[in-house]
$ cat structure_14.txt   # compact mmCIF, C-alpha atoms
# COMPACT_ATOMS: atom_id res chain seq x y z
CA MET O 1 94.86 126.85 31.53
CA LEU O 2 96.39 128.61 28.56
CA MET O 3 94.09 130.90 26.54
CA LEU O 4 94.68 132.38 23.09
CA HIS O 5 93.28 135.89 22.66
CA ILE O 6 93.04 137.24 19.11
CA SER O 7 90.99 139.91 17.38
CA ASP O 8 90.47 141.77 14.11
CA ILE O 9 91.16 139.02 11.59
CA HIS O 10 89.27 140.85 8.83
CA PHE O 11 88.60 138.07 6.35
CA LYS O 12 87.72 140.06 3.24
CA SER O 13 86.04 138.56 0.21
CA PRO O 14 86.66 137.93 -2.60
CA GLU O 15 90.41 138.02 -1.77
CA CYS O 16 90.17 135.64 1.19
CA LEU O 17 88.39 133.01 -0.91
CA ASP O 18 91.65 132.16 -2.72
CA GLN O 19 94.75 131.61 -0.58
CA TRP O 20 97.02 132.62 -3.44
CA MET O 21 95.18 135.92 -3.98
CA ASP O 22 94.96 136.92 -0.31
CA PRO O 23 97.78 139.32 0.71
CA ASP O 24 97.00 138.69 4.40
CA SER O 25 97.45 134.93 4.18
CA PRO O 26 101.25 134.97 4.82
CA ILE O 27 100.73 136.88 8.07
CA ARG O 28 98.30 134.27 9.37
CA THR O 29 100.75 131.54 8.34
CA ARG O 30 103.56 133.29 10.26
CA MET O 31 101.30 133.58 13.27
CA MET O 32 100.35 129.90 13.21
CA ARG O 33 103.99 128.83 12.93
CA ASP O 34 104.92 131.02 15.88
CA LEU O 35 101.93 129.74 17.86
CA THR O 36 103.04 126.16 17.19
CA GLU O 37 106.38 126.94 18.84
CA GLN O 38 104.71 128.71 21.78
CA VAL O 39 102.47 125.69 22.34
CA ARG O 40 105.57 123.47 22.39
CA ILE O 41 106.98 125.68 25.15
CA HIS O 42 103.89 126.48 27.22
CA GLY O 43 101.54 123.57 26.50
CA HIS O 44 98.24 123.22 24.68
CA VAL O 45 95.71 126.04 24.46
CA GLY O 46 92.58 125.44 26.55
CA ALA O 47 90.38 128.15 25.03
CA ILE O 48 90.44 130.50 22.04
CA LEU O 49 88.84 133.90 22.61
CA ILE O 50 88.13 135.90 19.44
CA GLY O 51 87.35 139.56 20.04
CA GLY O 52 85.41 140.45 16.91
CA ASP O 53 85.95 141.69 13.36
CA ILE O 54 86.14 138.13 12.12
CA ALA O 55 84.86 139.30 8.75
CA PHE O 56 85.33 142.57 6.86
CA LYS O 57 81.86 143.33 5.52
CA ALA O 58 79.89 140.59 7.31
CA ALA O 59 79.47 138.50 4.15
CA PRO O 60 78.58 134.80 4.57
CA ASP O 61 81.51 133.65 2.41
CA GLU O 62 83.92 135.57 4.67
CA TYR O 63 82.68 133.55 7.65
CA GLN O 64 83.03 130.28 5.75
CA THR O 65 86.70 131.05 5.14
CA ALA O 66 87.13 132.26 8.72
CA LEU O 67 85.65 129.09 10.15
CA ALA O 68 88.08 126.89 8.20
CA TRP O 69 91.04 128.95 9.44
CA ILE O 70 89.81 129.03 13.05
CA GLN O 71 89.42 125.25 13.02
CA GLN O 72 92.97 124.94 11.70
CA LEU O 73 94.13 127.33 14.44
CA ALA O 74 92.43 125.15 17.06
CA GLU O 75 94.09 122.05 15.66
CA ILE O 76 97.65 123.39 15.73
CA SER O 77 97.19 124.90 19.21
CA GLY O 78 95.76 121.67 20.62
CA CYS O 79 92.52 123.43 21.56
CA ALA O 80 89.27 121.49 21.39
CA LYS O 81 86.90 123.07 18.90
CA GLU O 82 84.36 123.16 21.74
CA ARG O 83 86.48 125.81 23.46
CA ILE O 84 86.21 128.57 20.84
CA PHE O 85 84.34 131.74 21.86
CA VAL O 86 83.52 134.78 19.71
CA VAL O 87 81.92 138.23 19.91
CA PRO O 88 80.96 140.60 17.07
CA GLY O 89 82.94 143.63 15.98
CA ASN O 90 81.91 146.56 13.80
CA HIS O 91 83.07 144.65 10.67
CA ASP O 92 80.66 141.87 11.65
CA VAL O 93 77.76 144.29 11.10
CA ASP O 94 76.38 144.41 7.55
CA ARG O 95 76.07 148.15 6.94
CA ASN O 96 74.26 147.61 3.66
CA ILE O 97 71.35 146.14 5.60
CA ILE O 98 71.25 149.26 7.78
CA LYS O 99 71.52 151.56 4.77
CA GLY O 100 68.59 149.80 3.14
CA SER O 101 66.24 149.97 6.13
CA VAL O 102 64.71 153.21 7.36
CA GLN O 103 63.17 151.24 10.26
CA ILE O 104 66.60 150.11 11.51
CA GLN O 105 67.97 153.61 11.16
CA ASN O 106 65.03 154.98 13.13
CA ALA O 107 65.45 152.39 15.90
CA GLN O 108 69.15 153.10 16.27
CA HIS O 109 68.52 156.85 16.23
CA ALA O 110 65.82 156.51 18.88
CA ILE O 111 68.32 154.85 21.22
CA ALA O 112 71.32 157.05 20.42
CA SER O 113 69.37 160.30 20.74
CA THR O 114 67.93 159.45 24.17
CA PRO O 115 69.80 161.18 27.05
CA LEU O 116 72.29 158.82 28.65
CA GLN O 117 70.42 158.67 31.95
CA ASP O 118 67.32 157.29 30.16
CA ARG O 119 69.03 155.26 27.47
CA GLU O 120 68.92 151.91 29.24
CA TRP O 121 65.13 152.12 29.32
CA LYS O 122 64.99 153.12 25.64
CA LEU O 123 67.33 150.30 24.60
CA ARG O 124 65.26 147.78 26.54
CA GLN O 125 62.07 149.13 24.97
CA GLN O 126 63.47 148.81 21.44
CA LEU O 127 65.06 145.40 21.97
CA TRP O 128 62.05 143.87 23.66
CA ASP O 129 59.57 145.02 21.05
CA ALA O 130 58.88 141.95 18.92
CA GLU O 131 59.43 143.72 15.59
CA THR O 132 62.02 146.37 16.42
CA GLY O 133 64.21 143.98 18.39
CA GLN O 134 64.62 141.73 15.36
CA LEU O 135 65.35 144.72 13.15
CA LEU O 136 68.13 145.95 15.46
CA LEU O 137 70.00 142.67 15.10
CA GLN O 138 69.24 142.03 11.43
CA ALA O 139 72.64 143.38 10.39
CA HIS O 140 74.24 140.73 12.64
CA SER O 141 72.52 137.88 10.75
CA ALA O 142 75.61 136.42 9.05
CA TYR O 143 77.61 136.74 12.28
CA ASN O 144 74.87 134.91 14.18
CA ASP O 145 74.84 132.05 11.66
CA PHE O 146 78.61 131.75 12.14
CA ALA O 147 78.50 132.07 15.94
CA ALA O 148 75.62 129.65 16.65
CA PRO O 149 77.75 126.44 16.72
CA PHE O 150 79.94 128.16 19.33
CA GLY O 151 76.89 129.06 21.42
CA CYS O 152 77.88 132.72 20.98
CA GLN O 153 74.95 134.06 18.94
CA ILE O 154 72.93 136.99 20.26
CA TRP O 155 69.28 137.95 20.08
CA PRO O 156 67.07 140.81 21.34
CA LYS O 157 66.37 139.45 24.82
CA LYS O 158 69.90 138.07 25.16
CA PRO O 159 72.27 140.57 23.53
CA PHE O 160 75.26 138.97 25.27
CA TRP O 161 76.26 135.42 26.25
CA HIS O 162 77.89 133.90 29.32
CA GLN O 163 79.44 130.46 29.73
CA ASP O 164 81.60 128.72 32.34
CA ILE O 165 85.01 127.07 32.03
CA GLN O 166 86.33 124.98 34.91
CA LEU O 167 89.76 125.85 36.29
CA GLU O 168 91.63 124.02 39.05
CA GLY O 169 90.59 123.90 42.71
CA GLU O 170 86.85 124.14 42.04
CA VAL O 171 87.34 127.62 40.58
CA LYS O 172 85.30 128.59 37.54
CA LEU O 173 86.04 131.19 34.91
CA ARG O 174 82.79 132.73 33.71
CA LEU O 175 83.14 134.17 30.23
CA TYR O 176 80.89 137.06 29.24
CA GLY O 177 80.70 137.92 25.54
CA LEU O 178 79.49 141.53 25.40
CA THR O 179 78.04 143.16 22.29
CA SER O 180 79.37 146.67 21.69
CA THR O 181 77.90 146.83 18.18
CA LEU O 182 74.17 147.34 18.81
CA LEU O 183 74.47 150.91 17.48
CA SER O 184 77.33 150.20 15.09
CA GLY O 185 77.03 151.37 11.48
CA MET O 186 74.34 154.00 12.12
CA ASN O 187 72.98 155.19 8.77
CA GLY O 188 75.58 152.91 7.16
CA ASN O 189 78.44 155.14 8.38
CA ASN O 190 81.65 154.44 10.27
CA ASP O 191 81.45 154.51 14.05
CA VAL O 192 82.95 157.38 16.01
CA GLU O 193 84.87 157.07 19.24
CA GLY O 194 82.52 157.59 22.18
CA GLY O 195 79.43 157.04 20.03
CA LEU O 196 78.56 153.42 20.90
CA TYR O 197 76.55 152.13 23.86
CA LEU O 198 76.86 148.99 25.96
CA SER O 199 74.31 149.64 28.75
CA PRO O 200 73.85 148.21 32.28
CA LEU O 201 71.89 145.36 30.65
CA GLN O 202 75.28 143.84 29.74
CA THR O 203 77.34 144.63 32.82
CA VAL O 204 75.36 142.90 35.58
CA LEU O 205 78.17 140.33 36.00
CA ASP O 206 76.51 138.97 39.12
CA PRO O 207 79.12 137.66 41.62
CA VAL O 208 79.05 133.88 41.97
CA PRO O 209 80.95 131.85 44.59
CA ASN O 210 84.32 130.45 43.48
CA THR O 211 84.01 132.21 40.13
CA LEU O 212 86.11 134.80 38.34
CA ASN O 213 84.44 136.85 35.61
CA LEU O 214 86.12 137.43 32.25
CA VAL O 215 84.70 139.97 29.79
CA LEU O 216 85.31 139.66 26.05
CA CYS O 217 84.26 142.75 24.08
CA HIS O 218 85.31 144.19 20.74
CA HIS O 219 85.38 147.92 21.49
CA PRO O 220 87.49 149.34 24.32
CA ILE O 221 85.51 151.39 26.81
CA ASN O 222 86.62 154.77 25.40
CA TRP O 223 84.52 153.93 22.32
CA LEU O 224 81.40 153.82 24.51
CA GLU O 225 79.34 156.82 25.48
CA ASP O 226 78.65 155.12 28.81
CA GLU O 227 82.36 154.46 29.33
CA ASP O 228 82.49 155.68 32.95
CA ALA O 229 79.67 153.39 34.06
CA VAL O 230 81.13 150.45 32.13
CA ASP O 231 84.59 151.12 33.54
CA ASP O 232 83.27 151.15 37.12
CA ALA O 233 81.27 147.95 36.59
CA LEU O 234 84.12 146.01 35.00
CA ASN O 235 86.74 147.13 37.50
CA THR O 236 84.70 145.87 40.45
CA ARG O 237 82.96 142.84 38.90
CA ALA O 238 85.38 141.27 36.41
CA ALA O 239 88.92 139.99 36.91
CA PHE O 240 89.83 139.97 33.22
CA HIS O 241 88.87 142.51 30.52
CA LEU O 242 89.70 141.60 26.90
CA PHE O 243 89.25 144.16 24.10
CA GLY O 244 90.12 144.51 20.42
CA HIS O 245 89.37 147.08 17.70
CA LYS O 246 92.28 149.50 18.26
CA HIS O 247 94.89 147.08 16.88
CA LYS O 248 97.10 148.01 19.86
CA GLN O 249 98.61 145.40 22.18
CA ARG O 250 98.22 146.68 25.70
CA ILE O 251 98.17 145.23 29.20
CA GLN O 252 97.13 146.95 32.42
CA MET O 253 97.60 145.09 35.70
CA ASP O 254 95.63 146.23 38.72
CA PRO O 255 95.53 144.36 42.07
CA SER O 256 91.95 143.25 41.31
CA TYR O 257 91.89 142.94 37.50
CA VAL O 258 93.93 142.65 34.32
CA ARG O 259 92.92 144.54 31.16
CA PHE O 260 94.13 143.43 27.73
CA GLY O 261 94.18 145.11 24.36
CA ALA O 262 94.64 142.83 21.37
CA ALA O 263 96.67 143.58 18.30
CA ALA O 264 94.99 142.80 14.99
CA VAL O 265 95.78 139.46 13.39
CA ASN O 266 95.44 141.29 10.07
CA PRO O 267 95.67 145.09 10.36
CA SER O 268 95.21 147.25 7.31
CA ARG O 269 98.38 146.94 5.29
CA GLY O 270 98.63 150.73 5.17
CA GLU O 271 98.48 150.98 8.95
CA GLN O 272 101.54 152.38 10.70
CA PRO O 273 103.06 150.88 12.70
CA TYR O 274 102.06 147.60 11.05
CA GLN O 275 102.18 145.15 13.96
CA PRO O 276 100.07 141.99 13.75
CA GLY O 277 99.99 140.14 17.05
CA TYR O 278 98.26 137.87 19.53
CA ASN O 279 98.11 137.24 23.30
CA LEU O 280 98.61 134.06 25.30
CA ILE O 281 97.18 134.13 28.83
CA GLN O 282 98.11 131.43 31.33
CA LEU O 283 95.89 131.03 34.43
CA ASP O 284 96.89 128.73 37.32
CA VAL O 285 94.99 128.39 40.60
CA GLN O 286 97.20 128.32 43.70
CA GLY O 287 96.43 127.84 47.40
CA ALA O 288 93.16 126.86 49.05
CA GLY O 289 90.14 128.44 50.73
CA ALA O 290 90.37 132.16 51.38
CA GLU O 291 94.05 132.06 50.38
CA ARG O 292 93.38 131.02 46.79
CA LEU O 293 95.01 133.05 44.07
CA VAL O 294 95.08 132.82 40.30
CA SER O 295 98.58 133.26 38.95
CA VAL O 296 98.44 135.14 35.63
CA HIS O 297 101.25 134.90 33.08
CA VAL O 298 100.80 136.84 29.83
CA TYR O 299 102.86 136.31 26.69
CA GLN O 300 102.31 138.95 24.02
CA ARG O 301 103.62 138.14 20.57
CA ARG O 302 104.12 140.76 17.85
CA MET O 303 105.35 140.54 14.27
CA GLN O 304 108.42 142.41 13.19
CA ASP O 305 109.68 142.84 9.66
CA ALA O 306 113.19 142.40 8.26
CA PRO O 307 113.26 139.54 9.05
CA GLU O 308 109.52 138.87 9.09
CA ARG O 309 108.81 136.91 12.27
CA PHE O 310 106.94 137.09 15.56
CA ILE O 311 108.82 138.18 18.68
CA ALA O 312 107.97 138.68 22.35
CA VAL O 313 106.67 142.02 23.63
CA GLN O 314 108.85 142.76 26.65
CA SER O 315 107.78 144.09 30.03
CA ALA O 316 109.29 147.19 31.64
CA GLN O 317 111.69 144.82 33.41
CA GLY O 318 112.92 143.47 30.08
CA LYS O 319 111.19 140.10 30.45
CA ASP O 320 109.23 138.18 27.83
CA VAL O 321 106.34 137.61 30.24
CA PHE O 322 103.99 139.81 32.27
CA HIS O 323 102.95 138.37 35.65
CA THR O 324 100.48 139.15 38.42
CA THR O 325 98.09 137.37 40.79
CA ILE O 326 94.34 137.80 41.30
CA SER O 327 92.54 136.67 44.46
CA VAL O 328 89.55 134.34 44.11
CA PRO O 329 86.44 135.64 45.92
CA GLU O 330 85.05 133.08 48.34
CA GLU O 331 81.50 134.38 48.46
CA PRO O 332 78.74 132.34 50.12
CA ALA O 333 75.72 131.20 48.11
CA LEU O 334 72.59 133.12 49.04
CA PRO O 335 69.55 131.23 50.35
CA GLY O 336 66.01 131.63 49.08
CA VAL O 337 64.62 132.11 45.58
CA MET O 338 65.05 134.71 42.93
CA ALA O 339 62.22 137.21 42.73
CA SER O 340 60.45 137.66 39.43
CA PRO O 341 61.33 140.90 37.65
CA VAL O 342 59.07 143.89 38.19
CA LYS O 343 56.74 144.31 35.27
CA ASN O 344 57.55 147.21 32.99
CA VAL O 345 54.71 149.68 32.98
CA MET O 346 55.38 150.61 29.35
CA SER O 347 52.75 148.80 27.33
CA SER O 348 55.01 148.82 24.26
CA VAL O 349 57.54 146.60 26.03
CA GLU O 350 56.83 142.90 26.16
CA THR O 351 56.91 141.59 29.73
CA VAL O 352 59.03 138.51 30.35
CA GLU O 353 58.24 136.32 33.36
CA TYR O 354 61.20 134.33 34.60
CA PRO O 355 60.44 131.21 36.66
CA LYS O 356 61.54 131.30 40.26
CA ARG O 357 64.45 129.04 41.02
CA PRO O 358 66.81 128.51 43.93
CA LYS O 359 69.64 131.01 43.92
CA SER O 360 72.07 128.11 44.12
CA ALA O 361 70.55 126.27 41.14
CA PRO O 362 72.80 125.82 38.10
CA ASP O 363 72.75 128.60 35.54
CA ALA O 364 71.49 126.83 32.42
CA GLU O 365 73.22 129.12 29.93
CA ALA O 366 76.49 129.10 31.87
CA THR O 367 76.54 125.30 31.73
CA MET O 368 76.61 125.56 27.94
CA GLY O 369 80.35 126.15 28.37
CA GLU O 370 80.87 122.55 29.48
CA GLU O 371 82.88 120.61 26.93
CA ASP O 372 80.33 117.83 26.36
CA THR O 373 77.55 120.37 25.87
CA ARG O 374 79.59 122.43 23.42
CA ASP O 375 80.38 119.28 21.44
CA LEU O 376 76.62 118.73 21.25
CA LEU O 377 76.19 122.28 19.90
CA TYR O 378 78.57 121.54 17.03
CA ARG O 379 76.82 118.29 16.22
CA PHE O 380 73.35 119.84 16.47
CA TRP O 381 74.23 122.69 14.10
CA SER O 382 75.77 120.23 11.65
CA LEU O 383 72.31 118.73 11.05
CA THR O 384 69.94 120.00 8.40
CA SER O 385 67.39 122.66 9.30
CA SER O 386 64.55 120.16 9.08
CA GLN O 387 66.36 117.73 11.40
CA ARG O 388 66.93 120.46 13.99
CA ARG O 389 63.26 121.37 13.81
CA GLU O 390 62.16 117.74 14.23
CA ILE O 391 64.24 117.27 17.38
CA MET O 392 63.07 120.41 19.11
CA ASN O 393 59.43 119.85 18.18
CA ASP O 394 59.49 116.22 19.32
CA LEU O 395 60.92 117.25 22.70
CA GLY O 396 58.44 120.10 23.12
CA LEU O 397 61.16 122.76 23.21
CA LEU O 398 59.69 125.06 20.55
CA SER O 399 56.52 127.10 20.58
CA GLU O 400 54.62 128.03 17.42
CA ASP O 401 55.66 131.68 17.77
CA GLU O 402 59.33 130.74 18.06
CA MET O 403 59.18 129.05 14.66
CA LYS O 404 59.06 132.54 13.15
CA LEU O 405 62.39 133.54 14.72
CA PRO O 406 65.77 133.38 12.94
CA GLU O 407 67.35 129.96 13.42
CA PRO O 408 70.27 131.10 15.63
CA GLU O 409 67.80 132.58 18.11
CA ARG O 410 65.15 129.87 17.69
CA TYR O 411 67.44 126.97 18.48
CA GLY O 412 69.65 128.93 20.86
CA ARG O 413 66.61 129.49 23.05
CA ALA O 414 65.52 125.87 22.67
CA LEU O 415 68.93 124.51 23.69
CA ILE O 416 69.06 126.68 26.81
CA LEU O 417 65.53 125.52 27.66
CA ALA O 418 66.69 121.91 27.19
CA ALA O 419 69.47 122.57 29.71
CA GLU O 420 66.96 124.06 32.16
CA LYS O 421 64.70 121.01 31.81
CA ASP O 422 67.62 118.56 31.99
CA LEU O 423 66.84 117.32 28.47
CA LEU O 424 70.25 117.74 26.85
CA ASP O 425 70.90 113.98 27.01
CA GLN O 426 67.69 113.43 25.04
CA VAL O 427 68.74 116.08 22.52
CA ALA O 428 72.09 114.29 22.18
CA ALA O 429 70.35 110.94 21.62
CA GLU O 430 68.16 112.43 18.89
CA VAL O 431 71.18 114.05 17.23
CA ALA O 432 73.01 110.72 17.28
CA LYS O 433 70.08 108.99 15.53
CA ARG O 434 70.22 111.48 12.68
CA GLU O 435 74.00 111.37 12.39
CA LYS O 436 73.71 107.67 11.54
$ encode --input "structure_14.txt" --output "structure tokens"
Amino acid sequence: MLMLHISDIHFKSPECLDQWMDPDSPIRTRMMRDLTEQVRIHGHVGAILIGGDIAFKAAPDEYQTALAWIQQLAEISGCAKERIFVVPGNHDVDRNIIKGSVQIQNAQHAIASTPLQDREWKLRQQLWDAETGQLLLQAHSAYNDFAAPFGCQIWPKKPFWHQDIQLEGEVKLRLYGLTSTLLSGMNGNNDVEGGLYLSPLQTVLDPVPNTLNLVLCHHPINWLEDEDAVDDALNTRAAFHLFGHKHKQRIQMDPSYVRFGAAAVNPSRGEQPYQPGYNLIQLDVQGAGAERLVSVHVYQRRMQDAPERFIAVQSAQGKDVFHTTISVPEEPALPGVMASPVKNVMSSVETVEYPKRPKSAPDAEATMGEEDTRDLLYRFWSLTSSQRREIMNDLGLLSEDEMKLPEPERYGRALILAAEKDLLDQVAAEVAKREK
């Protein structure tokens, strides 16, 4: 499978609303023309991974323009629209919302000022409080509206997403979209390197048989205060680490993982060196049983000027491709049932009871990565708000309290519940009725 990895597109309104007034438009056109040629050589793209900073100031009209371009990108690369995955960057956080809310500023400060050894508890406390949790993600509202049809929205009790893609030989690639922006834009200011926080809540990355983990995150780990813990977790639990933000194309190949840095699709035009770029990552499963390997070929493309065109980034050996192999863990499924989480003794934190299920049972959220299910997501989110509400109410997938939640969370939770209850076919039937 060939994957396209891009980041930092920075659609900025009002310029991006008019193709002929957008100075960045020619760069995207050059990129798409080069991508068309790469697809002719290497085959169709199977997934598009977008590492954040889709917008510039998290304005709804920026996302409308971005969506049209991303759909065009999918079309020319031969990628099904159901295989587009996104995470938020710092430019996908509306700082004006943070500036205008003392409560959000206080919540972010409460987390950031807690000593690192206690910060996971404080983050959980703030996120799981019914009011504060919503406030912490309020500045992500426009991003969440944009990300919902991709199944990549986030909410307080699910600040990251994970979905599966099937490779060859019964091997799965589990994508984890991590949110590095929970503390972004504190007091409406720019972020500082080492000042953000990911937390162990997002790096569980539980090993699953016949599955390789891929992490998509906007900020590289040196931008995180908990960088050492995150580095250790990713290096031992994830085969592929994809980052953006720094606008630097990088690749690090270790025997057990590959780490990528993405160039910006549209860097600041005053940035030196000015090097827009993108990554193509080819994964092929080879061998069988304990001998299985994933062959990894990476093609990094970078724009040069005079003449203005995209060229290959060369390896130390002078080749246009970087290559390595990653072994596929053949871990046995564990018997028994999952234990319910221990109740938090802090009365200010809402307790969540998870139903017991067999350890080998399908992961409902992970199955949202299946192509048919993702097609349903697009169709569901194309309906009117009232139609979405009718379907979920009729199928008993919404509680009265959930009606008060923002729509990306409300229906995101309902769709995962539908997968758990094996009701997605009924959701699809109800969507089809309304499409007629």
$ residues_around --input "structure_14.txt" --residues "Met3 in chain O" --least-positions-apart "4" --cutoff "8 Å" --atoms "only C-alpha atoms" --output "PyMOL selection string"
chain O and resi 45-49+280-282
$ residues_near_point --input "structure_14.txt" --point "(87.2, 140.6, 23.2)" --cutoff "10 Å" --atoms "only C-alpha atoms" --output "PyMOL selection string"
chain O and resi 5-8+49-53+85-89+176-179+214-220+241-245+260-262
$ closest_residue --input "structure_14.txt" --among "O:Asp320, O:Ala364, O:Leu127, O:Leu116" --to "Ala229 in chain O" --atoms "all atoms listed in the file"
O:Leu116
$ atom_distance --input "structure_14.txt" --atom1 "CA of Asn144 in chain O" --atom2 "CA of Phe56 in chain O"
14.9 Å
$ closest_residue --input "structure_14.txt" --among "O:Asn235, O:His247, O:Ile41, O:Leu196" --to "Trp223 in chain O" --atoms "only C-alpha atoms"
O:Leu196
$ build_atoms --input "structure_14.txt" --residues "range 60-79 of chain O" --atoms "N, CA and C atoms" --output "mmCIF file, keeping the file's coordinate frame"
data_model
loop_
_atom_site.group_PDB
_atom_site.id
_atom_site.type_symbol
_atom_site.label_atom_id
_atom_site.label_comp_id
_atom_site.auth_asym_id
_atom_site.auth_seq_id
_atom_site.Cartn_x
_atom_site.Cartn_y
_atom_site.Cartn_z
ATOM 1 N N PRO O 60 78.555 136.223 4.204
ATOM 2 C CA PRO O 60 78.580 134.800 4.570
ATOM 3 C C PRO O 60 79.831 134.072 4.099
ATOM 4 N N ASP O 61 80.338 134.382 2.884
ATOM 5 C CA ASP O 61 81.510 133.650 2.410
ATOM 6 C C ASP O 61 82.762 134.011 3.204
ATOM 7 N N GLU O 62 82.802 135.212 3.797
ATOM 8 C CA GLU O 62 83.920 135.570 4.670
ATOM 9 C C GLU O 62 83.937 134.679 5.912
ATOM 10 N N TYR O 63 82.763 134.398 6.454
ATOM 11 C CA TYR O 63 82.680 133.550 7.650
ATOM 12 C C TYR O 63 83.001 132.094 7.323
ATOM 13 N N GLN O 64 82.674 131.650 6.133
ATOM 14 C CA GLN O 64 83.030 130.280 5.750
ATOM 15 C C GLN O 64 84.545 130.108 5.727
ATOM 16 N N THR O 65 85.232 131.098 5.164
ATOM 17 C CA THR O 65 86.700 131.050 5.140
ATOM 18 C C THR O 65 87.257 131.185 6.547
ATOM 19 N N ALA O 66 86.669 132.068 7.336
ATOM 20 C CA ALA O 66 87.130 132.260 8.720
ATOM 21 C C ALA O 66 86.998 130.990 9.529
ATOM 22 N N LEU O 67 85.879 130.303 9.374
ATOM 23 C CA LEU O 67 85.650 129.090 10.150
ATOM 24 C C LEU O 67 86.713 128.036 9.845
ATOM 25 N N ALA O 68 87.055 127.878 8.577
ATOM 26 C CA ALA O 68 88.080 126.890 8.200
ATOM 27 C C ALA O 68 89.413 127.246 8.844
ATOM 28 N N TRP O 69 89.766 128.534 8.851
ATOM 29 C CA TRP O 69 91.040 128.950 9.440
ATOM 30 C C TRP O 69 91.021 128.791 10.961
ATOM 31 N N ILE O 70 89.918 129.144 11.596
ATOM 32 C CA ILE O 70 89.810 129.030 13.050
ATOM 33 C C ILE O 70 89.912 127.572 13.479
ATOM 34 N N GLN O 71 89.309 126.670 12.707
ATOM 35 C CA GLN O 71 89.420 125.250 13.020
ATOM 36 C C GLN O 71 90.857 124.765 12.872
ATOM 37 N N GLN O 72 91.558 125.283 11.870
ATOM 38 C CA GLN O 72 92.970 124.940 11.700
ATOM 39 C C GLN O 72 93.780 125.493 12.868
ATOM 40 N N LEU O 73 93.457 126.714 13.296
ATOM 41 C CA LEU O 73 94.130 127.330 14.440
ATOM 42 C C LEU O 73 93.939 126.494 15.696
ATOM 43 N N ALA O 74 92.712 126.000 15.907
ATOM 44 C CA ALA O 74 92.430 125.150 17.060
ATOM 45 C C ALA O 74 93.257 123.866 17.002
ATOM 46 N N GLU O 75 93.374 123.307 15.808
ATOM 47 C CA GLU O 75 94.090 122.050 15.660
ATOM 48 C C GLU O 75 95.567 122.201 16.006
ATOM 49 N N ILE O 76 96.210 123.247 15.483
ATOM 50 C CA ILE O 76 97.650 123.390 15.730
ATOM 51 C C ILE O 76 97.938 123.811 17.159
ATOM 52 N N SER O 77 96.971 124.452 17.830
ATOM 53 C CA SER O 77 97.190 124.900 19.210
ATOM 54 C C SER O 77 96.768 123.840 20.214
ATOM 55 N N GLY O 78 96.193 122.726 19.733
ATOM 56 C CA GLY O 78 95.760 121.670 20.620
ATOM 57 C C GLY O 78 94.496 122.010 21.382
ATOM 58 N N CYS O 79 93.745 122.986 20.884
ATOM 59 C CA CYS O 79 92.520 123.430 21.560
ATOM 60 C C CYS O 79 91.320 122.685 20.980
#
